[in-house]
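Visitor: Have a peek at protein13.cif (mmCIF, C-alpha atoms and all ligand atoms).
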```cif
data_coords
loop_
_atom_site.label_atom_id
_atom_site.label_comp_id
_atom_site.auth_asym_id
_atom_site.auth_seq_id
_atom_site.Cartn_x
_atom_site.Cartn_y
_atom_site.Cartn_z
CA MET A 1 -10.31 -35.62 -16.59
CA THR A 2 -9.33 -32.55 -18.64
CA SER A 3 -11.71 -31.00 -21.14
CA GLN A 4 -9.21 -32.08 -23.84
CA GLU A 5 -9.61 -35.71 -22.80
CA ILE A 6 -13.37 -35.73 -22.59
CA ARG A 7 -13.75 -34.09 -26.00
CA GLN A 8 -12.07 -36.96 -27.80
CA THR A 9 -14.96 -39.08 -29.06
CA PRO A 10 -13.66 -42.41 -30.35
CA ALA A 11 -14.91 -43.84 -33.65
CA PRO A 12 -16.72 -47.20 -33.43
CA GLY A 13 -14.20 -50.00 -33.17
CA ALA A 14 -11.48 -47.80 -31.69
CA GLY A 15 -11.18 -47.79 -27.89
CA PRO A 16 -14.30 -46.97 -25.86
CA LYS A 17 -17.37 -47.24 -28.07
CA SER A 18 -19.36 -44.23 -29.23
CA SER A 19 -22.61 -45.65 -30.56
CA THR A 20 -25.42 -47.57 -28.98
CA GLU A 21 -24.81 -50.90 -30.67
CA ALA A 22 -21.07 -50.67 -30.37
CA ALA A 23 -21.43 -49.75 -26.70
CA THR A 24 -23.37 -52.93 -25.95
CA PRO A 25 -21.81 -55.99 -27.56
CA ASP A 26 -24.42 -58.25 -25.98
CA GLU A 27 -27.47 -57.52 -28.15
CA LYS A 28 -29.79 -58.45 -25.34
CA ARG A 29 -28.39 -55.75 -23.07
CA LYS A 30 -29.55 -52.84 -25.26
CA VAL A 31 -31.85 -50.80 -23.03
CA ALA A 32 -34.24 -48.04 -24.13
CA ILE A 33 -36.82 -45.77 -22.54
CA VAL A 34 -39.75 -44.68 -24.72
CA THR A 35 -41.99 -41.93 -23.35
CA GLY A 36 -45.62 -41.56 -24.40
CA ALA A 37 -45.65 -45.29 -25.12
CA ALA A 38 -49.33 -45.96 -24.39
CA ARG A 39 -50.53 -45.23 -27.91
CA GLY A 40 -49.74 -43.71 -31.29
CA LEU A 41 -46.11 -43.17 -32.25
CA GLY A 42 -44.75 -44.19 -28.83
CA ALA A 43 -46.43 -47.61 -28.94
CA ALA A 44 -45.15 -48.22 -32.48
CA ILE A 45 -41.62 -47.12 -31.50
CA ALA A 46 -41.60 -49.43 -28.47
CA ASN A 47 -42.89 -52.30 -30.61
CA ARG A 48 -40.19 -51.76 -33.22
CA LEU A 49 -37.42 -51.59 -30.62
CA LEU A 50 -38.69 -54.81 -29.00
CA ASP A 51 -38.69 -56.46 -32.44
CA ASP A 52 -35.10 -55.28 -32.89
CA GLY A 53 -34.04 -56.93 -29.62
CA TRP A 54 -34.02 -53.97 -27.26
CA ASN A 55 -35.17 -54.06 -23.64
CA VAL A 56 -37.69 -51.25 -23.29
CA LEU A 57 -39.09 -49.27 -20.38
CA LEU A 58 -42.49 -48.02 -21.55
CA VAL A 59 -43.43 -44.73 -19.91
CA ASP A 60 -46.72 -42.84 -20.00
CA LEU A 61 -48.92 -40.66 -17.83
CA ASP A 62 -51.91 -42.84 -18.68
CA GLY A 63 -51.33 -46.06 -16.72
CA PRO A 64 -54.40 -48.07 -17.84
CA ALA A 65 -53.79 -47.30 -21.55
CA LEU A 66 -50.10 -48.13 -21.13
CA HIS A 67 -50.82 -51.56 -19.68
CA GLU A 68 -53.48 -52.24 -22.29
CA SER A 69 -51.09 -51.30 -25.09
CA ALA A 70 -48.27 -53.42 -23.63
CA ALA A 71 -50.60 -56.43 -23.45
CA ASN A 72 -50.62 -56.39 -27.27
CA TYR A 73 -46.87 -56.94 -27.61
CA VAL A 74 -46.30 -60.31 -29.18
CA PRO A 75 -45.39 -62.81 -26.45
CA GLY A 76 -42.10 -64.46 -27.35
CA VAL A 77 -40.89 -61.49 -29.37
CA ALA A 78 -40.89 -59.43 -26.21
CA LYS A 79 -39.23 -62.12 -24.12
CA ASP A 80 -35.60 -62.87 -23.47
CA THR A 81 -35.70 -66.53 -24.35
CA ASP A 82 -32.39 -67.28 -22.60
CA ARG A 83 -33.35 -65.64 -19.34
CA GLY A 84 -37.11 -66.14 -19.65
CA GLU A 85 -37.70 -62.52 -18.68
CA ASP A 86 -39.95 -59.93 -20.26
CA ARG A 87 -37.94 -57.41 -22.24
CA PHE A 88 -40.36 -54.59 -21.46
CA PHE A 89 -41.69 -53.01 -18.31
CA CYS A 90 -44.43 -50.40 -17.84
CA HIS A 91 -43.81 -47.31 -15.76
CA VAL A 92 -46.29 -44.51 -15.08
CA GLY A 93 -44.69 -41.07 -14.96
CA ASP A 94 -44.93 -37.46 -16.10
CA VAL A 95 -42.10 -36.32 -18.39
CA SER A 96 -42.48 -32.72 -17.23
CA ASN A 97 -41.76 -33.69 -13.63
CA ALA A 98 -38.01 -34.00 -12.97
CA ASP A 99 -38.52 -36.36 -9.99
CA ASP A 100 -40.67 -38.67 -12.13
CA VAL A 101 -38.05 -38.61 -14.85
CA ASP A 102 -35.22 -39.47 -12.44
CA ALA A 103 -37.40 -42.34 -11.19
CA MET A 104 -37.94 -43.69 -14.71
CA VAL A 105 -34.21 -43.83 -15.39
CA ARG A 106 -33.68 -45.51 -12.00
CA VAL A 107 -36.35 -48.11 -12.80
CA ALA A 108 -34.83 -48.83 -16.24
CA VAL A 109 -31.41 -49.39 -14.67
CA GLU A 110 -32.80 -51.50 -11.81
CA ARG A 111 -34.79 -53.61 -14.25
CA PHE A 112 -32.38 -53.93 -17.18
CA GLY A 113 -28.96 -52.95 -15.78
CA ARG A 114 -28.16 -49.90 -17.90
CA LEU A 115 -29.54 -47.30 -20.33
CA ASP A 116 -28.49 -46.88 -23.98
CA LEU A 117 -31.34 -45.01 -25.65
CA MET A 118 -33.88 -42.37 -24.62
CA VAL A 119 -36.76 -41.70 -27.01
CA SER A 120 -38.49 -38.48 -25.91
CA ASN A 121 -41.78 -38.91 -27.68
CA ALA A 122 -44.47 -37.88 -25.16
CA GLY A 123 -46.27 -34.74 -26.24
CA VAL A 124 -49.50 -32.80 -26.12
CA ALA A 125 -51.27 -30.69 -28.74
CA ALA A 126 -54.01 -28.10 -28.47
CA LEU A 127 -55.00 -25.79 -31.29
CA HIS A 128 -55.94 -22.18 -30.60
CA ASP A 129 -55.96 -19.02 -32.65
CA PHE A 130 -53.08 -16.77 -31.55
CA LEU A 131 -55.43 -14.14 -30.12
CA ASP A 132 -57.36 -16.70 -28.06
CA LEU A 133 -54.48 -18.85 -26.81
CA PRO A 134 -54.89 -19.27 -23.03
CA LEU A 135 -51.67 -18.80 -21.08
CA SER A 136 -52.40 -22.08 -19.27
CA VAL A 137 -52.30 -23.98 -22.61
CA TRP A 138 -49.08 -22.23 -23.66
CA ARG A 139 -47.43 -23.16 -20.33
CA LYS A 140 -48.66 -26.75 -20.32
CA THR A 141 -47.55 -27.30 -23.93
CA LEU A 142 -44.06 -25.95 -23.27
CA ASP A 143 -43.87 -27.87 -20.01
CA VAL A 144 -44.55 -31.26 -21.59
CA ASN A 145 -43.20 -30.85 -25.13
CA LEU A 146 -40.06 -28.83 -24.36
CA THR A 147 -39.18 -29.10 -20.65
CA GLY A 148 -40.06 -32.81 -20.83
CA VAL A 149 -37.46 -33.33 -23.56
CA LEU A 150 -34.91 -31.34 -21.55
CA VAL A 151 -35.30 -33.26 -18.28
CA CYS A 152 -35.55 -36.67 -19.98
CA GLY A 153 -32.37 -35.84 -21.90
CA GLN A 154 -30.57 -34.70 -18.77
CA ALA A 155 -31.51 -37.75 -16.71
CA ALA A 156 -30.65 -40.17 -19.51
CA ALA A 157 -27.36 -38.48 -20.35
CA ARG A 158 -26.25 -38.46 -16.69
CA GLN A 159 -26.77 -42.22 -16.58
CA MET A 160 -24.97 -42.73 -19.92
CA ARG A 161 -22.06 -40.53 -18.78
CA GLU A 162 -21.72 -42.68 -15.66
CA GLN A 163 -21.69 -45.85 -17.78
CA GLY A 164 -18.90 -44.29 -19.83
CA ASP A 165 -19.61 -45.88 -23.19
CA GLY A 166 -21.95 -43.50 -25.00
CA GLY A 167 -25.58 -43.79 -25.99
CA ALA A 168 -28.27 -42.20 -28.13
CA ILE A 169 -31.16 -39.82 -27.59
CA VAL A 170 -33.96 -39.30 -30.13
CA ASN A 171 -36.36 -36.40 -29.67
CA ILE A 172 -39.70 -36.30 -31.45
CA ALA A 173 -40.48 -32.78 -32.70
CA SER A 174 -42.90 -32.08 -35.57
CA LEU A 175 -43.31 -30.60 -39.00
CA ALA A 176 -45.04 -27.82 -37.02
CA GLY A 177 -41.60 -26.96 -35.62
CA LEU A 178 -40.15 -26.50 -39.12
CA ALA A 179 -42.94 -24.37 -40.56
CA ALA A 180 -45.73 -22.45 -38.87
CA GLY A 181 -49.31 -23.64 -39.15
CA THR A 182 -52.55 -21.91 -38.24
CA GLY A 183 -53.61 -22.42 -34.62
CA ARG A 184 -50.23 -23.89 -33.64
CA THR A 185 -48.61 -21.06 -31.67
CA ALA A 186 -47.93 -23.14 -28.57
CA TYR A 187 -47.42 -26.52 -30.26
CA GLY A 188 -45.30 -25.24 -33.15
CA THR A 189 -43.14 -23.06 -30.92
CA SER A 190 -42.52 -25.95 -28.52
CA LYS A 191 -41.50 -28.21 -31.42
CA ALA A 192 -39.24 -25.57 -33.03
CA ALA A 193 -37.51 -25.29 -29.67
CA VAL A 194 -37.07 -29.08 -29.51
CA ILE A 195 -35.28 -28.97 -32.88
CA HIS A 196 -32.83 -26.39 -31.53
CA LEU A 197 -32.55 -28.10 -28.13
CA THR A 198 -31.48 -31.24 -30.02
CA LYS A 199 -28.53 -29.32 -31.50
CA GLN A 200 -27.59 -27.89 -28.11
CA MET A 201 -27.71 -31.34 -26.52
CA ALA A 202 -25.61 -32.82 -29.31
CA MET A 203 -22.95 -30.16 -28.76
CA ASP A 204 -22.66 -30.73 -25.01
CA LEU A 205 -23.05 -34.52 -25.02
CA GLY A 206 -20.82 -35.46 -27.95
CA ARG A 207 -17.80 -35.53 -25.62
CA TYR A 208 -19.39 -38.51 -23.84
CA GLY A 209 -20.11 -40.36 -27.09
CA ILE A 210 -23.81 -39.57 -26.75
CA ARG A 211 -25.53 -38.82 -30.07
CA VAL A 212 -28.68 -36.69 -30.05
CA ASN A 213 -31.03 -36.49 -33.02
CA CYS A 214 -34.56 -35.42 -33.77
CA ILE A 215 -37.43 -36.47 -36.00
CA ALA A 216 -39.97 -34.00 -37.37
CA PRO A 217 -42.91 -36.15 -38.39
CA GLY A 218 -45.55 -34.87 -40.76
CA PRO A 219 -49.14 -35.99 -40.20
CA VAL A 220 -49.34 -39.57 -38.97
CA ASP A 221 -52.49 -41.50 -38.22
CA THR A 222 -52.63 -41.63 -34.38
CA PRO A 223 -55.16 -40.76 -31.65
CA MET A 224 -53.68 -37.24 -31.61
CA THR A 225 -54.42 -36.52 -35.27
CA ARG A 226 -57.74 -38.37 -35.13
CA LYS A 227 -58.75 -35.86 -32.46
CA HIS A 228 -57.36 -32.67 -34.03
CA HIS A 229 -57.46 -33.16 -37.81
CA GLN A 230 -60.82 -32.58 -39.47
CA GLU A 231 -61.39 -33.49 -43.12
CA THR A 232 -60.34 -30.01 -44.29
CA THR A 233 -57.06 -30.29 -42.34
CA ARG A 234 -56.39 -33.69 -43.88
CA ARG A 235 -56.94 -32.34 -47.38
CA ALA A 236 -54.76 -29.28 -46.68
CA PHE A 237 -51.94 -31.60 -45.62
CA THR A 238 -52.17 -34.26 -48.30
CA SER A 239 -52.52 -31.75 -51.14
CA ARG A 240 -49.04 -30.46 -50.28
CA MET A 241 -47.35 -33.81 -49.79
CA ALA A 242 -45.36 -35.60 -52.50
CA LEU A 243 -46.72 -38.91 -51.15
CA SER A 244 -50.31 -37.53 -50.79
CA ARG A 245 -51.09 -39.54 -47.67
CA TYR A 246 -50.75 -39.64 -43.89
CA GLY A 247 -47.87 -41.65 -42.48
CA ALA A 248 -48.17 -44.83 -40.44
CA PRO A 249 -46.70 -44.85 -36.89
CA GLU A 250 -44.40 -47.70 -37.97
CA GLU A 251 -42.80 -45.38 -40.56
CA ILE A 252 -41.67 -43.04 -37.78
CA ALA A 253 -40.57 -46.00 -35.63
CA GLY A 254 -38.30 -47.07 -38.52
CA VAL A 255 -36.51 -43.72 -38.42
CA VAL A 256 -36.04 -44.04 -34.65
CA ALA A 257 -34.58 -47.53 -35.17
CA TYR A 258 -32.08 -46.10 -37.67
CA LEU A 259 -31.06 -43.17 -35.45
CA ALA A 260 -30.60 -45.55 -32.50
CA SER A 261 -28.45 -47.92 -34.51
CA ASN A 262 -24.77 -48.09 -35.29
CA ASP A 263 -25.65 -47.16 -38.90
CA ALA A 264 -26.17 -43.63 -37.56
CA GLY A 265 -22.92 -43.70 -35.57
CA PHE A 266 -21.65 -40.46 -37.20
CA VAL A 267 -25.01 -38.66 -37.14
CA THR A 268 -25.74 -36.19 -34.35
CA GLY A 269 -27.53 -32.87 -33.90
CA GLN A 270 -29.75 -33.57 -36.92
CA THR A 271 -33.47 -33.38 -37.57
CA ILE A 272 -35.00 -35.77 -40.10
CA ALA A 273 -38.30 -34.62 -41.57
CA ALA A 274 -40.37 -37.78 -42.02
CA ASP A 275 -43.30 -36.01 -43.59
CA GLY A 276 -44.16 -37.53 -46.97
CA GLY A 277 -42.38 -34.63 -48.65
CA PHE A 278 -44.46 -31.79 -47.14
CA SER A 279 -41.45 -29.70 -46.12
CA ALA A 280 -39.85 -30.18 -49.56
CA ALA A 281 -42.90 -28.96 -51.46
CA GLY A 282 -43.10 -25.85 -53.57
CA LEU A 283 -45.53 -25.66 -56.45
CA MET A 284 -47.99 -28.56 -56.45
CA ASP A 285 -49.50 -28.43 -59.95
CA SER A 286 -51.37 -31.52 -61.09
CA THR A 287 -50.99 -30.53 -64.77
CA PRO A 288 -48.06 -32.49 -66.24
CA GLY A 289 -45.21 -30.77 -68.06
N1 LIG A 301 -49.35 -37.92 -34.92
C1 LIG A 301 -48.76 -36.99 -35.65
O1 LIG A 301 -49.18 -36.71 -36.78
C2 LIG A 301 -47.54 -36.27 -35.13
C3 LIG A 301 -46.90 -35.41 -36.03
C4 LIG A 301 -45.77 -34.73 -35.57
C5 LIG A 301 -45.32 -34.92 -34.29
N2 LIG A 301 -45.97 -35.74 -33.44
C6 LIG A 301 -45.43 -35.89 -32.10
O2 LIG A 301 -45.21 -37.25 -31.83
C7 LIG A 301 -45.40 -37.52 -30.45
C8 LIG A 301 -46.44 -38.62 -30.30
O3 LIG A 301 -47.62 -38.19 -30.93
P1 LIG A 301 -48.93 -39.13 -31.08
O4 LIG A 301 -49.62 -38.68 -32.28
O5 LIG A 301 -48.56 -40.54 -30.89
O6 LIG A 301 -49.75 -38.58 -29.80
P2 LIG A 301 -50.85 -39.33 -28.89
O7 LIG A 301 -51.65 -38.24 -28.24
O8 LIG A 301 -51.57 -40.33 -29.72
O9 LIG A 301 -49.94 -40.04 -27.79
C9 LIG A 301 -49.13 -39.26 -26.91
C10 LIG A 301 -48.90 -40.03 -25.64
O10 LIG A 301 -48.10 -39.20 -24.76
C11 LIG A 301 -48.62 -39.34 -23.43
N3 LIG A 301 -48.30 -38.16 -22.63
C12 LIG A 301 -48.81 -36.92 -22.76
N4 LIG A 301 -48.30 -36.11 -21.82
C13 LIG A 301 -47.44 -36.85 -21.09
C14 LIG A 301 -46.60 -36.58 -19.97
N5 LIG A 301 -46.58 -35.35 -19.42
N6 LIG A 301 -45.84 -37.57 -19.47
C15 LIG A 301 -45.88 -38.82 -20.01
N7 LIG A 301 -46.67 -39.14 -21.06
C16 LIG A 301 -47.44 -38.16 -21.58
C17 LIG A 301 -50.13 -39.49 -23.63
O11 LIG A 301 -50.76 -40.09 -22.50
C18 LIG A 301 -50.19 -40.36 -24.87
O12 LIG A 301 -50.23 -41.75 -24.56
C19 LIG A 301 -45.81 -36.20 -29.82
O13 LIG A 301 -44.69 -35.55 -29.30
C20 LIG A 301 -46.36 -35.42 -31.00
O14 LIG A 301 -46.30 -34.03 -30.79
C21 LIG A 301 -47.09 -36.43 -33.84
#
```
Written as structure tokens, that's how I'd like the structure from this file.
Guide:
Amino acid sequence: MTSQEIRQTPAPGAGPKSSTEAATPDEKRKVAIVTGAARGLGAAIANRLLDDGWNVLLVDLDGPALHESAANYVPGVAKDTDRGEDRFFCHVGDVSNADDVDAMVRVAVERFGRLDLMVSNAGVAALHDFLDLPLSVWRKTLDVNLTGVLVCGQAAARQMREQGDGGAIVNIASLAGLAAGTGRTAYGTSKAAVIHLTKQMAMDLGRYGIRVNCIAPGPVDTPMTRKHHQETTRRAFTSRMALSRYGAPEEIAGVVAYLASNDAGFVTGQTIAADGGFSAAGLMDSTPG
């Protein structure tokens, strides 16, 4: 195949398909991997995809929490009623370990026959003042939040390239990757890099009909923010948000569902800030007029 040939990405409906839905005419064959699916955003994303008819491989480092979370998926919704099979499967793995990541793609394909969507959501956060940031925390944060997105993207895209009919990748970055916040040297830098990595991936994978997009969530109520956000942090966030509130995990899952769908068939290399308006804010004056 010449580079000329592989660069021609067909529009949906013309020749080989370029979007996730168009690539899989049988709705029940849509297959996704969601990392960090044991709790928080990952659990909500997996739930939403199951509701939308996807088959989902749920991946997390924390096996017990993963199985506990999966037990809450509504029986019947998460079942293929024709085949009588569960549409989700739990897999314990570390996104920063390339062998683990290869294994998770292998398991998804063994279990569900193919792969159409990778949601790189797993992440870690630790807050330290710049001067006190331990090198071990910096390395661990970059390893999981950035290298994890790289290797998950590579493994997924290799499988999608082999299938030959496109796919979608959604990376979860953060508002902290769009604007710096106190104590977020490692976290914010890792997330800023994910936003750029998304563009790089989109450039190199477009020729295979693989779309790559990113979400930069603002503060969302999850175990991560319950651990790290004190009352003062919460007030500092909400006072600068047009919507003046934390998001719900389901509101981020809705954006993933859109980016994975055929409605986003011409969208790639983009970052959507789902942040209640924080990144749009300038002056926040409560006095009218
Ligand atoms: N909650 C927020 O307000 C918010 C805002 C912006 C971005 N994010 C991002 O969204 C993602 C999910 O955040 P959350 O709030 O649900 O976090 P969380 O801590 O509640 O859940 C993260 C999950 O990822 C898993 N995980 C961590 N390291 C892993 C690894 N190496 N391999 C596999 N799994 C691993 C954890 O076990 C956990 O289940 C993260 O990337 C986070 O940085 C969250």
Visitor: Ranking A:Ala126, A:Ala260, A:Met201, A:Ala108 by minimum distance to ligand LIG 301 (chain A) and counting all atoms listed in the file, which one comes first?
Guide: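 Comparing A:Ala126, A:Ala260, A:Met201, A:Ala108 against ligand LIG 301 (chain A), the winner is A:Ala126.
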Visitor: How would you write, as a VMD selection string, the set of residues no farther than 8 Å from ligand LIG 301 (chain A) when counting only C-alpha atoms and all ligand atoms?
Guide: chain A and resid 35 to 43 59 to 62 65 to 66 92 to 97 120 to 125 143 to 145 148 172 to 176 187 191 216 to 225 246 to 247 249
Visitor: Excluding A:Arg87 and any residue of its chain fewer than 5 positions from it, enumerate the residues within 6 Å of it, using only C-alpha atoms, and give them as a list in words.
Guide: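 These residues fall inside the cut-off: Asn55, Ala78 and Lys79 of chain A.
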Visitor: Taking into account only C-alpha atoms, which residue in the set A:Met203, A:Ala71, A:Ile215, A:Ala236 is nearest to A:Gly254?
Guide: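 Among the listed residues, the smallest separation from A:Gly254 belongs to A:Ile215.
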Visitor: Just the number, please: distance in Å from atom CA of A:Gly183 to atom CA of A:Ser136, one decimal.
Guide: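 The value is 15.4 Å.
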Visitor: Nearest to A:Gly166 among A:Val212, A:Ile252, A:Ala281, A:Val74, with distances taken over all atoms listed in the file: which residue is it?
Guide: A:Val212
Visitor: May I ask for the distance between atom CA of A:Ala202 and atom CA of A:Gly188, given in Å to one decimal place?
Guide: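 Distance between the two atoms: 21.4 Å.
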Visitor: One decimal, Å: what's the distance from atom CA of A:Glu85 over to atom CA of A:Asp116, could you say?
Guide: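 That distance, rounded to one decimal, is 18.9 Å.
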Visitor: Pick out the residues sitting within 7 Å of stretch 278-280 of chain A, and hand them over as a list of chain:residue names; count only C-alpha atoms, and ignore anything fewer than 6 positions along from it in its own chain.
Guide: A:Arg240, A:Met241, A:Ala242
Visitor: Would you please work out which residue, of A:Leu57, A:Leu127, A:Ile45, A:Ala103, is nearest to A:His229 when using all atoms listed in the file?
Guide: A:Leu127
Visitor: As AutoDock Vina command-line options, please report the centre and edge lengths, rounded to one decimal in Å, of the axis-aligned box that holds all listed atoms of stretch 206-214 of chain A with 4 Å of padding on each of the six sides.
Guide:
```
--center_x -26.2 --center_y -37.9 --center_z -28.8 --size_x 24.8 --size_y 12.9 --size_z 17.9
```
Visitor: Output as a CSV table (one decimal), keeping the file's coordinate frame: stretch 180-192 of chain A, completed with N, CA and C atoms.
Guide:
```csv
chain,number,residue,atom,x,y,z
A,180,ALA,N,-44.6,-22.8,-39.7
A,180,ALA,CA,-45.7,-22.4,-38.9
A,180,ALA,C,-47.0,-22.9,-39.5
A,181,GLY,N,-48.0,-23.3,-38.7
A,181,GLY,CA,-49.3,-23.6,-39.2
A,181,GLY,C,-50.4,-22.9,-38.3
A,182,THR,N,-51.5,-22.7,-38.9
A,182,THR,CA,-52.6,-21.9,-38.2
A,182,THR,C,-53.0,-22.6,-37.0
A,183,GLY,N,-53.1,-21.9,-35.9
A,183,GLY,CA,-53.6,-22.4,-34.6
A,183,GLY,C,-52.5,-23.1,-33.8
A,184,ARG,N,-51.3,-23.1,-34.3
A,184,ARG,CA,-50.2,-23.9,-33.6
A,184,ARG,C,-49.2,-23.1,-32.9
A,185,THR,N,-49.6,-21.9,-32.3
A,185,THR,CA,-48.6,-21.1,-31.7
A,185,THR,C,-47.9,-21.8,-30.6
A,186,ALA,N,-48.6,-22.5,-29.7
A,186,ALA,CA,-47.9,-23.1,-28.6
A,186,ALA,C,-47.2,-24.4,-29.1
A,187,TYR,N,-48.0,-25.2,-29.8
A,187,TYR,CA,-47.4,-26.5,-30.3
A,187,TYR,C,-46.2,-26.3,-31.2
A,188,GLY,N,-46.4,-25.5,-32.2
A,188,GLY,CA,-45.3,-25.2,-33.2
A,188,GLY,C,-44.1,-24.6,-32.5
A,189,THR,N,-44.3,-23.7,-31.6
A,189,THR,CA,-43.1,-23.1,-30.9
A,189,THR,C,-42.4,-24.1,-30.1
A,190,SER,N,-43.2,-24.9,-29.4
A,190,SER,CA,-42.5,-26.0,-28.5
A,190,SER,C,-41.7,-26.9,-29.4
A,191,LYS,N,-42.2,-27.2,-30.6
A,191,LYS,CA,-41.5,-28.2,-31.4
A,191,LYS,C,-40.3,-27.6,-32.1
A,192,ALA,N,-40.4,-26.3,-32.5
A,192,ALA,CA,-39.2,-25.6,-33.0
A,192,ALA,C,-38.1,-25.5,-32.0
```
